[in-house]
>>> print(open('start_38.pdb').read())   # PDB, C-alpha atoms and all ligand atoms
ATOM      1  CA  MET Q  30       0.000   0.000   0.000
ATOM      2  CA  GLY Q  31       1.112   3.541  -0.656
ATOM      3  CA  GLY Q  32      -0.120   6.955  -1.395
ATOM      4  CA  MET Q  33      -1.174   8.443  -4.673
ATOM      5  CA  ALA Q  34       0.190  11.838  -5.708
ATOM      6  CA  VAL Q  35      -2.636  14.083  -6.809
ATOM      7  CA  GLU Q  36      -2.136  17.112  -9.029
ATOM      8  CA  VAL Q  37      -4.969  19.559  -9.499
ATOM      9  CA  LYS Q  38      -4.486  21.816 -12.498
ATOM     10  CA  ASN Q  39      -6.602  24.891 -13.251
ATOM     11  CA  LEU Q  40      -9.718  23.159 -11.983
ATOM     12  CA  SER Q  41     -13.039  24.906 -12.509
ATOM     13  CA  ARG Q  42     -16.582  23.795 -11.810
ATOM     14  CA  SER Q  43     -19.591  25.879 -12.739
ATOM     15  CA  TYR Q  44     -23.292  25.274 -12.497
ATOM     16  CA  GLN Q  45     -25.769  26.634 -14.975
ATOM     17  CA  ARG Q  46     -28.804  28.134 -13.272
ATOM     18  CA  ALA Q  47     -31.568  29.423 -15.527
ATOM     19  CA  ASP Q  48     -30.007  32.629 -16.810
ATOM     20  CA  ARG Q  49     -26.748  32.673 -14.881
ATOM     21  CA  THR Q  50     -23.602  30.678 -14.298
ATOM     22  CA  ILE Q  51     -22.413  29.954 -10.770
ATOM     23  CA  ASN Q  52     -18.655  29.498 -10.634
ATOM     24  CA  VAL Q  53     -18.066  27.281  -7.654
ATOM     25  CA  LEU Q  54     -14.404  26.422  -8.259
ATOM     26  CA  LYS Q  55     -12.304  29.013 -10.016
ATOM     27  CA  ASN Q  56      -9.156  27.858 -11.728
ATOM     28  CA  LEU Q  57      -7.876  26.044  -8.675
ATOM     29  CA  SER Q  58      -4.455  24.405  -8.673
ATOM     30  CA  THR Q  59      -2.638  22.475  -5.964
ATOM     31  CA  THR Q  60      -0.669  19.304  -5.378
ATOM     32  CA  LEU Q  61      -1.141  16.623  -2.745
ATOM     33  CA  PRO Q  62       2.166  14.770  -2.632
ATOM     34  CA  SER Q  63       2.022  11.028  -2.043
ATOM     35  CA  GLY Q  64       1.421  10.084   1.585
ATOM     36  CA  THR Q  65       0.677  13.588   2.847
ATOM     37  CA  PHE Q  66      -2.100  14.568   5.260
ATOM     38  CA  THR Q  67      -3.863  17.848   4.516
ATOM     39  CA  VAL Q  68      -6.707  19.657   6.222
ATOM     40  CA  LEU Q  69      -9.022  21.834   4.147
ATOM     41  CA  THR Q  70     -11.038  24.628   5.756
ATOM     42  CA  GLY Q  71     -13.047  27.600   4.567
ATOM     43  CA  PRO Q  72     -16.464  29.168   5.043
ATOM     44  CA  SER Q  73     -19.661  27.388   4.094
ATOM     45  CA  GLY Q  74     -20.114  27.556   0.331
ATOM     46  CA  ALA Q  75     -16.362  27.973  -0.334
ATOM     47  CA  GLY Q  76     -16.334  24.882  -2.543
ATOM     48  CA  LYS Q  77     -14.725  22.281  -0.276
ATOM     49  CA  SER Q  78     -17.220  19.485  -0.895
ATOM     50  CA  THR Q  79     -17.259  20.296  -4.598
ATOM     51  CA  LEU Q  80     -13.472  19.859  -4.679
ATOM     52  CA  LEU Q  81     -13.691  16.566  -2.762
ATOM     53  CA  HIS Q  82     -16.342  15.250  -5.151
ATOM     54  CA  LEU Q  83     -14.143  16.104  -8.130
ATOM     55  CA  LEU Q  84     -11.094  14.515  -6.486
ATOM     56  CA  GLY Q  85     -13.198  11.439  -5.755
ATOM     57  CA  THR Q  86     -14.285  11.208  -9.430
ATOM     58  CA  LEU Q  87     -17.906  11.539  -8.304
ATOM     59  CA  ASP Q  88     -18.245  14.676 -10.434
ATOM     60  CA  ARG Q  89     -16.600  16.057 -13.564
ATOM     61  CA  PRO Q  90     -14.833  19.425 -13.826
ATOM     62  CA  THR Q  91     -16.080  22.117 -16.184
ATOM     63  CA  SER Q  92     -12.457  22.676 -17.145
ATOM     64  CA  GLY Q  93      -8.999  21.787 -15.904
ATOM     65  CA  LYS Q  94      -7.746  18.418 -14.807
ATOM     66  CA  ILE Q  95      -6.747  16.132 -11.994
ATOM     67  CA  LEU Q  96      -3.817  13.761 -12.358
ATOM     68  CA  TYR Q  97      -3.508  10.688 -10.146
ATOM     69  CA  ASP Q  98       0.134   9.597 -10.173
ATOM     70  CA  GLY Q  99       0.307  11.515 -13.446
ATOM     71  CA  GLN Q 100      -2.745   9.807 -14.924
ATOM     72  CA  SER Q 101      -5.973  11.520 -15.938
ATOM     73  CA  VAL Q 102      -9.126   9.412 -15.520
ATOM     74  CA  LEU Q 103     -11.565  11.710 -17.344
ATOM     75  CA  GLU Q 104     -11.546   9.570 -20.462
ATOM     76  CA  TYR Q 105     -12.199   6.293 -18.602
ATOM     77  CA  SER Q 106     -15.427   4.436 -19.314
ATOM     78  CA  ASP Q 107     -18.009   4.475 -16.497
ATOM     79  CA  ARG Q 108     -17.054   0.956 -15.611
ATOM     80  CA  ASP Q 109     -13.313   1.618 -15.456
ATOM     81  CA  LEU Q 110     -13.935   4.798 -13.516
ATOM     82  CA  ALA Q 111     -16.089   2.938 -10.971
ATOM     83  CA  SER Q 112     -13.389   0.346 -10.563
ATOM     84  CA  PHE Q 113     -10.699   3.033 -10.168
ATOM     85  CA  ARG Q 114     -12.848   4.749  -7.521
ATOM     86  CA  ASN Q 115     -13.694   1.567  -5.668
ATOM     87  CA  THR Q 116     -10.127   0.272  -5.464
ATOM     88  CA  LYS Q 117      -8.054   3.447  -5.128
ATOM     89  CA  ILE Q 118     -10.171   5.968  -3.248
ATOM     90  CA  GLY Q 119     -11.690   5.833   0.236
ATOM     91  CA  PHE Q 120     -14.476   8.167   1.357
ATOM     92  CA  ILE Q 121     -15.659   9.264   4.758
ATOM     93  CA  PHE Q 122     -18.619  11.608   5.047
ATOM     94  CA  GLN Q 123     -20.076  13.608   7.902
ATOM     95  CA  PHE Q 124     -22.967  11.239   8.198
ATOM     96  CA  HIS Q 125     -21.425   7.852   8.124
ATOM     97  CA  HIS Q 126     -23.945   6.143   5.803
ATOM     98  CA  LEU Q 127     -23.590   2.835   7.598
ATOM     99  CA  LEU Q 128     -26.231   0.311   6.665
ATOM    100  CA  PRO Q 129     -28.546   0.016   9.688
ATOM    101  CA  GLU Q 130     -29.471  -3.649   9.221
ATOM    102  CA  PHE Q 131     -25.872  -4.825   9.262
ATOM    103  CA  THR Q 132     -23.345  -5.231  12.073
ATOM    104  CA  ALA Q 133     -20.119  -3.217  12.398
ATOM    105  CA  LEU Q 134     -18.159  -6.118  10.898
ATOM    106  CA  GLU Q 135     -20.563  -6.523   7.971
ATOM    107  CA  ASN Q 136     -20.512  -2.787   7.257
ATOM    108  CA  VAL Q 137     -16.711  -2.816   7.033
ATOM    109  CA  LEU Q 138     -16.881  -5.830   4.697
ATOM    110  CA  MET Q 139     -19.428  -4.189   2.388
ATOM    111  CA  PRO Q 140     -16.990  -2.659  -0.161
ATOM    112  CA  LEU Q 141     -15.321  -6.060  -0.511
ATOM    113  CA  TRP Q 142     -18.618  -7.776  -1.226
ATOM    114  CA  ILE Q 143     -19.230  -5.228  -3.925
ATOM    115  CA  SER Q 144     -15.886  -5.944  -5.530
ATOM    116  CA  ARG Q 145     -16.144  -9.712  -4.862
ATOM    117  CA  GLU Q 146     -12.644  -9.873  -3.456
ATOM    118  CA  SER Q 147     -13.247 -11.715  -0.249
ATOM    119  CA  LYS Q 148     -10.105 -13.684   0.494
ATOM    120  CA  ASP Q 149      -9.163 -13.207   4.133
ATOM    121  CA  ALA Q 150     -11.681 -10.383   4.129
ATOM    122  CA  ARG Q 151     -13.190 -11.094   7.535
ATOM    123  CA  GLU Q 152      -9.776 -11.168   9.171
ATOM    124  CA  ARG Q 153      -8.820  -7.853   7.587
ATOM    125  CA  ALA Q 154     -12.104  -6.268   8.611
ATOM    126  CA  LYS Q 155     -11.639  -7.512  12.163
ATOM    127  CA  ALA Q 156      -8.066  -6.223  12.242
ATOM    128  CA  LEU Q 157      -9.244  -2.800  11.068
ATOM    129  CA  LEU Q 158     -12.018  -2.681  13.652
ATOM    130  CA  MET Q 159      -9.396  -3.573  16.245
ATOM    131  CA  GLU Q 160      -7.199  -0.721  15.020
ATOM    132  CA  VAL Q 161     -10.032   1.715  15.486
ATOM    133  CA  GLY Q 162     -10.671   0.311  18.970
ATOM    134  CA  LEU Q 163     -13.881  -1.570  18.260
ATOM    135  CA  GLU Q 164     -12.822  -5.178  18.730
ATOM    136  CA  LYS Q 165     -15.561  -5.577  21.329
ATOM    137  CA  ARG Q 166     -18.270  -4.138  19.054
ATOM    138  CA  LEU Q 167     -17.968  -6.357  15.967
ATOM    139  CA  ASP Q 168     -21.533  -7.631  16.164
ATOM    140  CA  HIS Q 169     -23.205  -4.337  17.069
ATOM    141  CA  LYS Q 170     -25.532  -2.673  14.604
ATOM    142  CA  PRO Q 171     -25.135   1.103  14.046
ATOM    143  CA  SER Q 172     -28.080   1.837  16.384
ATOM    144  CA  GLU Q 173     -26.170  -0.038  19.095
ATOM    145  CA  LEU Q 174     -23.072   2.163  18.707
ATOM    146  CA  SER Q 175     -22.307   5.727  19.803
ATOM    147  CA  GLY Q 176     -21.833   8.449  17.169
ATOM    148  CA  GLY Q 177     -18.047   8.318  17.572
ATOM    149  CA  GLU Q 178     -18.069   4.524  17.305
ATOM    150  CA  GLN Q 179     -20.215   4.672  14.158
ATOM    151  CA  GLN Q 180     -17.766   7.116  12.634
ATOM    152  CA  ARG Q 181     -14.876   4.787  13.500
ATOM    153  CA  VAL Q 182     -16.698   1.963  11.691
ATOM    154  CA  ALA Q 183     -16.918   4.342   8.698
ATOM    155  CA  VAL Q 184     -13.155   4.925   8.945
ATOM    156  CA  ALA Q 185     -12.509   1.164   8.951
ATOM    157  CA  ARG Q 186     -14.883   0.721   6.001
ATOM    158  CA  ALA Q 187     -13.070   3.449   4.035
ATOM    159  CA  LEU Q 188      -9.786   1.620   4.593
ATOM    160  CA  ILE Q 189     -10.836  -1.958   3.785
ATOM    161  CA  MET Q 190      -9.976  -1.603   0.096
ATOM    162  CA  LYS Q 191      -6.533  -0.189   0.981
ATOM    163  CA  PRO Q 192      -7.134   3.096  -0.832
ATOM    164  CA  PHE Q 193      -4.278   5.224  -2.098
ATOM    165  CA  LEU Q 194      -6.267   8.385  -1.526
ATOM    166  CA  LEU Q 195      -8.591   9.062   1.402
ATOM    167  CA  LEU Q 196     -11.134  11.886   1.140
ATOM    168  CA  ALA Q 197     -13.013  12.901   4.257
ATOM    169  CA  ASP Q 198     -15.762  15.533   4.268
ATOM    170  CA  GLU Q 199     -16.552  16.756   7.783
ATOM    171  CA  PRO Q 200     -15.711  13.341   9.229
ATOM    172  CA  THR Q 201     -16.133  14.688  12.750
ATOM    173  CA  GLY Q 202     -19.016  17.052  11.986
ATOM    174  CA  ASN Q 203     -21.593  15.429  14.233
ATOM    175  CA  LEU Q 204     -19.243  14.441  17.041
ATOM    176  CA  ASP Q 205     -18.343  16.161  20.336
ATOM    177  CA  SER Q 206     -14.877  17.689  20.645
ATOM    178  CA  HIS Q 207     -13.402  14.661  22.385
ATOM    179  CA  SER Q 208     -14.637  12.122  19.811
ATOM    180  CA  SER Q 209     -13.680  14.524  17.002
ATOM    181  CA  LEU Q 210     -10.109  14.650  18.180
ATOM    182  CA  GLU Q 211     -10.083  10.861  18.558
ATOM    183  CA  VAL Q 212     -11.372  10.181  15.049
ATOM    184  CA  PHE Q 213      -9.075  12.822  13.574
ATOM    185  CA  THR Q 214      -5.982  11.497  15.366
ATOM    186  CA  LEU Q 215      -6.903   8.005  14.259
ATOM    187  CA  LEU Q 216      -7.142   9.102  10.631
ATOM    188  CA  ARG Q 217      -3.785  10.809  10.824
ATOM    189  CA  GLU Q 218      -2.122   7.784  12.426
ATOM    190  CA  LEU Q 219      -3.591   5.361   9.916
ATOM    191  CA  SER Q 220      -2.586   7.584   7.011
ATOM    192  CA  GLN Q 221       0.972   7.788   8.318
ATOM    193  CA  LYS Q 222       1.168   4.060   8.905
ATOM    194  CA  GLN Q 223      -0.181   3.170   5.464
ATOM    195  CA  GLY Q 224       1.393   6.055   3.567
ATOM    196  CA  MET Q 225      -2.036   7.090   2.279
ATOM    197  CA  THR Q 226      -2.619  10.531   0.788
ATOM    198  CA  CYS Q 227      -5.374  12.204   2.836
ATOM    199  CA  LEU Q 228      -7.503  15.296   2.408
ATOM    200  CA  VAL Q 229      -9.871  16.178   5.238
ATOM    201  CA  ALA Q 230     -12.387  19.017   4.942
ATOM    202  CA  THR Q 231     -13.567  20.417   8.268
ATOM    203  CA  HIS Q 232     -14.941  23.481  10.027
ATOM    204  CA  ASN Q 233     -13.072  22.456  13.160
ATOM    205  CA  GLU Q 234     -10.273  25.006  13.662
ATOM    206  CA  VAL Q 235      -8.685  22.981  16.443
ATOM    207  CA  LEU Q 236      -8.145  20.081  14.049
ATOM    208  CA  ALA Q 237      -6.852  22.462  11.387
ATOM    209  CA  LYS Q 238      -4.258  23.802  13.820
ATOM    210  CA  ILE Q 239      -2.758  20.407  14.570
ATOM    211  CA  ALA Q 240      -2.559  19.397  10.902
ATOM    212  CA  THR Q 241       0.766  19.207   9.115
ATOM    213  CA  ARG Q 242      -0.622  21.060   6.142
ATOM    214  CA  HIS Q 243      -3.582  23.365   6.172
ATOM    215  CA  ILE Q 244      -5.224  24.720   3.035
ATOM    216  CA  THR Q 245      -7.920  27.390   3.253
ATOM    217  CA  MET Q 246     -10.458  28.012   0.504
ATOM    218  CA  ASP Q 247     -12.802  30.916  -0.028
ATOM    219  CA  ASP Q 248     -15.123  31.613  -2.910
ATOM    220  CA  GLY Q 249     -13.842  28.737  -5.050
ATOM    221  CA  GLN Q 250     -10.170  29.493  -4.641
ATOM    222  CA  ILE Q 251      -7.292  28.575  -2.354
ATOM    223  CA  ILE Q 252      -6.503  31.645  -0.268
ATOM    224  CA  SER Q 253      -3.822  30.163   1.959
ATOM    225  CA  ASP Q 254      -1.661  27.079   2.136
ATOM    226  CA  SER Q 255       0.613  26.457   5.092
ATOM    227  CA  ASN Q 256       3.020  24.740   2.707
ATOM    228  CA  GLY Q 257       3.624  28.081   1.078
ATOM    229  CA  LEU Q 258       2.471  26.633  -2.236
ATOM    230  CA  ILE Q 259      -0.411  29.016  -2.863
ATOM    231  CA  ALA Q 260      -1.756  28.326  -6.312
TER     232      ALA Q 260
HETATM  233  N1  LIG H   1     -25.820  21.361  -8.028
HETATM  234  C1  LIG H   1     -25.540  22.638  -7.752
HETATM  235  N2  LIG H   1     -26.115  23.638  -8.454
HETATM  236  C2  LIG H   1     -25.830  24.919  -8.178
HETATM  237  N3  LIG H   1     -24.992  25.325  -7.217
HETATM  238  C3  LIG H   1     -24.411  24.380  -6.474
HETATM  239  C4  LIG H   1     -24.637  22.996  -6.688
HETATM  240  N4  LIG H   1     -23.918  22.300  -5.802
HETATM  241  C5  LIG H   1     -23.260  23.211  -5.042
HETATM  242  N5  LIG H   1     -23.553  24.459  -5.435
HETATM  243  C6  LIG H   1     -23.025  25.705  -4.855
HETATM  244  O1  LIG H   1     -21.632  25.610  -4.829
HETATM  245  C7  LIG H   1     -21.107  26.313  -3.696
HETATM  246  C8  LIG H   1     -20.069  25.468  -3.012
HETATM  247  O2  LIG H   1     -20.697  24.366  -2.378
HETATM  248  P1  LIG H   1     -19.879  23.304  -1.521
HETATM  249  O3  LIG H   1     -20.834  22.271  -1.074
HETATM  250  O4  LIG H   1     -18.710  22.835  -2.287
HETATM  251  O5  LIG H   1     -19.377  24.216  -0.287
HETATM  252  P2  LIG H   1     -18.606  23.771   1.035
HETATM  253  O6  LIG H   1     -17.349  24.577   1.096
HETATM  254  O7  LIG H   1     -18.471  22.313   1.097
HETATM  255  O8  LIG H   1     -19.592  24.305   2.171
HETATM  256  P3  LIG H   1     -19.942  23.655   3.615
HETATM  257  O9  LIG H   1     -18.829  24.086   4.521
HETATM  258  O10 LIG H   1     -21.226  24.314   3.980
HETATM  259  O11 LIG H   1     -20.050  22.186   3.473
HETATM  260  C9  LIG H   1     -22.294  26.689  -2.831
HETATM  261  O12 LIG H   1     -22.528  28.059  -2.977
HETATM  262  C10 LIG H   1     -23.423  25.872  -3.398
HETATM  263  O13 LIG H   1     -24.637  26.564  -3.295
HETATM  264 MG    MG H   2     -19.272  20.832   2.317
END
>>> encode(input="start_38.pdb", output="structure tokens", more="lines below")
Ligand SMILES: Nc1ncnc2c1ncn2[C@@H]1O[C@H](COP(=O)(O)OP(=O)(O)OP(=O)(O)O)[C@@H](O)[C@H]1O
Ligand SMILES: [Mg+2]
Amino acid sequence: MGGMAVEVKNLSRSYQRADRTINVLKNLSTTLPSGTFTVLTGPSGAGKSTLLHLLGTLDRPTSGKILYDGQSVLEYSDRDLASFRNTKIGFIFQFHHLLPEFTALENVLMPLWISRESKDARERAKALLMEVGLEKRLDHKPSELSGGEQQRVAVARALIMKPFLLLADEPTGNLDSHSSLEVFTLLRELSQKQGMTCLVATHNEVLAKIATRHITMDDGQIISDSNGLIA
């Protein structure tokens, strides 16, 4: 496992609304070197989620490009793109989207069932749940877990496919400050250990302060970058 270097070049995303165009991302450029951990902040509406969706290949840019280890995926077929996304990219959202009818262990295994790659899967899922401190909660359903525990299941699920790039959108948004710090620290540790490239969008300034790299967006552009690499 390793990280994927991500290069964002002159990325723009606009929406057409009746008689006007809304420019949500404006010619944004940045680089996420392989294995780095970056926090993304900015006011509501700045374009953070839009950027994460584009990076996650869930949306297409209006112009500009994204290179993953030098490779553009825009011309991939839907099927190849889905396979790229499923095997290379992990997602964590504010609301965990765990499936309520399934246990913690089954939720972590879900991406593997989808990709039908189940060799040693249960052992890996158990090991991940142990890493996130849930070895005693394997058979609990989401409703039988606390918010922080549910989010840790979501972290384990995002990691089961051994992604090269992890995108997290407000992963601690509905947690108290203690659980937020726990989930955040866990993400950072796991990313370091596995050499994963990570981008975490958050409104939590405390988390932003303890990040190695901190990018701030406003109005569709990067307005500061603690790396000094302002695009
Ligand atoms: N489908 C769409 N059509 C038109 N405008 C959109 C669409 N999706 C998003 N926008 C606009 O794009 C802007 C950026 O939205 P985005 O969700 O990326 O912001 P954000 O930085 O993630 O904000 P928050 O911190 O509240 O999550 C917003 O002004 C939003 O209204
Ligand atoms: Mg958002």
>>> closest_residue(input="start_38.pdb", among="Q:Ala240, Q:Ile95, Q:Val229, Q:Val184", to="ligand MG 2 (chain H)", atoms="only C-alpha atoms and all ligand atoms")
Q:Val229
>>> resolve_selection(input="start_38.pdb", expression="the PyMOL selection byres (((chain Q and resi 242) around 10) and not hetatm)", output="ChimeraX atom specification")
/Q:61,65-69,228,237-241,243-244,254-257
>>> atom_distance(input="start_38.pdb", atom1="CA of Phe213 (chain Q)", atom2="atom O6 of ligand LIG 1 (chain H)")
19.0 Å
>>> resolve_selection(input="start_38.pdb", expression="the PyMOL selection byres (((not hetatm)) within 7 of (chain H and resi 2))", output="PyMOL selection string")
chain Q and resi 73+76-78+198
>>> residues_around(input="start_38.pdb", residues="Arg114 (chain Q)", least_positions_apart="4", cutoff="7 Å", atoms="all atoms listed in the file", output="PyMOL selection string")
chain Q and resi 85-86+110+118
>>> write_last_selection(input="start_38.pdb", atoms="C-alpha atoms", output="CSV table (one decimal), in the coordinates of the input")
chain,number,residue,atom,x,y,z
Q,85,GLY,CA,-13.2,11.4,-5.8
Q,86,THR,CA,-14.3,11.2,-9.4
Q,110,LEU,CA,-13.9,4.8,-13.5
Q,118,ILE,CA,-10.2,6.0,-3.2
>>> resolve_selection(input="start_38.pdb", expression="the PyMOL selection byres (((not hetatm)) within 8 of (chain H and resi 1))", output="PyMOL selection string")
chain Q and resi 43-46+51-54+70-80+198-199+230-232+246-249
>>> atom_distance(input="start_38.pdb", atom1="CA of Thr245 (chain Q)", atom2="CA of Pro62 (chain Q)")
17.2 Å
>>> closest_residue(input="start_38.pdb", among="Q:Leu216, Q:Val137, Q:Ile251, Q:Leu81", to="Asn39 (chain Q)", atoms="only C-alpha atoms")
Q:Ile251
>>> closest_residue(input="start_38.pdb", among="Q:Asn203, Q:Thr132, Q:Met33, Q:Phe124", to="Ser63 (chain Q)", atoms="only C-alpha atoms")
Q:Met33
>>> atom_distance(input="start_38.pdb", atom1="CA of Leu83 (chain Q)", atom2="CA of Thr214 (chain Q)")
25.3 Å
>>> closest_residue(input="start_38.pdb", among="Q:Asp48, Q:Arg89, Q:Ile121, Q:Lys38", to="Tyr105 (chain Q)", atoms="only C-alpha atoms")
Q:Arg89
>>> axis_aligned_box(input="start_38.pdb", around="region 94-108 of chain Q", padding_each_side="5 Å", output="lines of an AutoDock Vina configuration file")
center_x = -8.9
center_y = 9.7
center_z = -15.3
size_x = 28.3
size_y = 27.5
size_z = 20.3
>>> closest_residue(input="start_38.pdb", among="Q:Arg217, Q:Ser208, Q:Leu127, Q:Leu195", to="Val182 (chain Q)", atoms="all atoms listed in the file")
Q:Leu127
>>> closest_residue(input="start_38.pdb", among="Q:Thr201, Q:Asn115, Q:Ser106, Q:Asn56", to="Val235 (chain Q)", atoms="only C-alpha atoms")
Q:Thr201
>>> residues_near_point(input="start_38.pdb", point="(-11.0, 0.3, 2.7)", cutoff="10 Å", atoms="all atoms listed in the file", output="list in words")
Asn115, Thr116, Lys117, Ile118, Gly119, Phe120, Val137, Leu138, Met139, Pro140, Leu141, Arg153, Ala154, Leu157, Ala183, Val184, Ala185, Arg186, Ala187, Leu188, Ile189, Met190, Lys191, Pro192, Phe193 and Leu195 of chain Q
>>> residues_around(input="start_38.pdb", residues="Gln223 (chain Q)", least_positions_apart="2", cutoff="9 Å", atoms="all atoms listed in the file", output="list in words")
Met30, Gly31, Gly32, Gly64, Lys191, Phe193, Glu218, Leu219, Ser220, Gln221 and Met225 of chain Q
>>> residues_around(input="start_38.pdb", residues="region 166-169 of chain Q", least_positions_apart="6", cutoff="8 Å", atoms="only C-alpha atoms", output="PyMOL selection string")
chain Q and resi 132-134+155+158
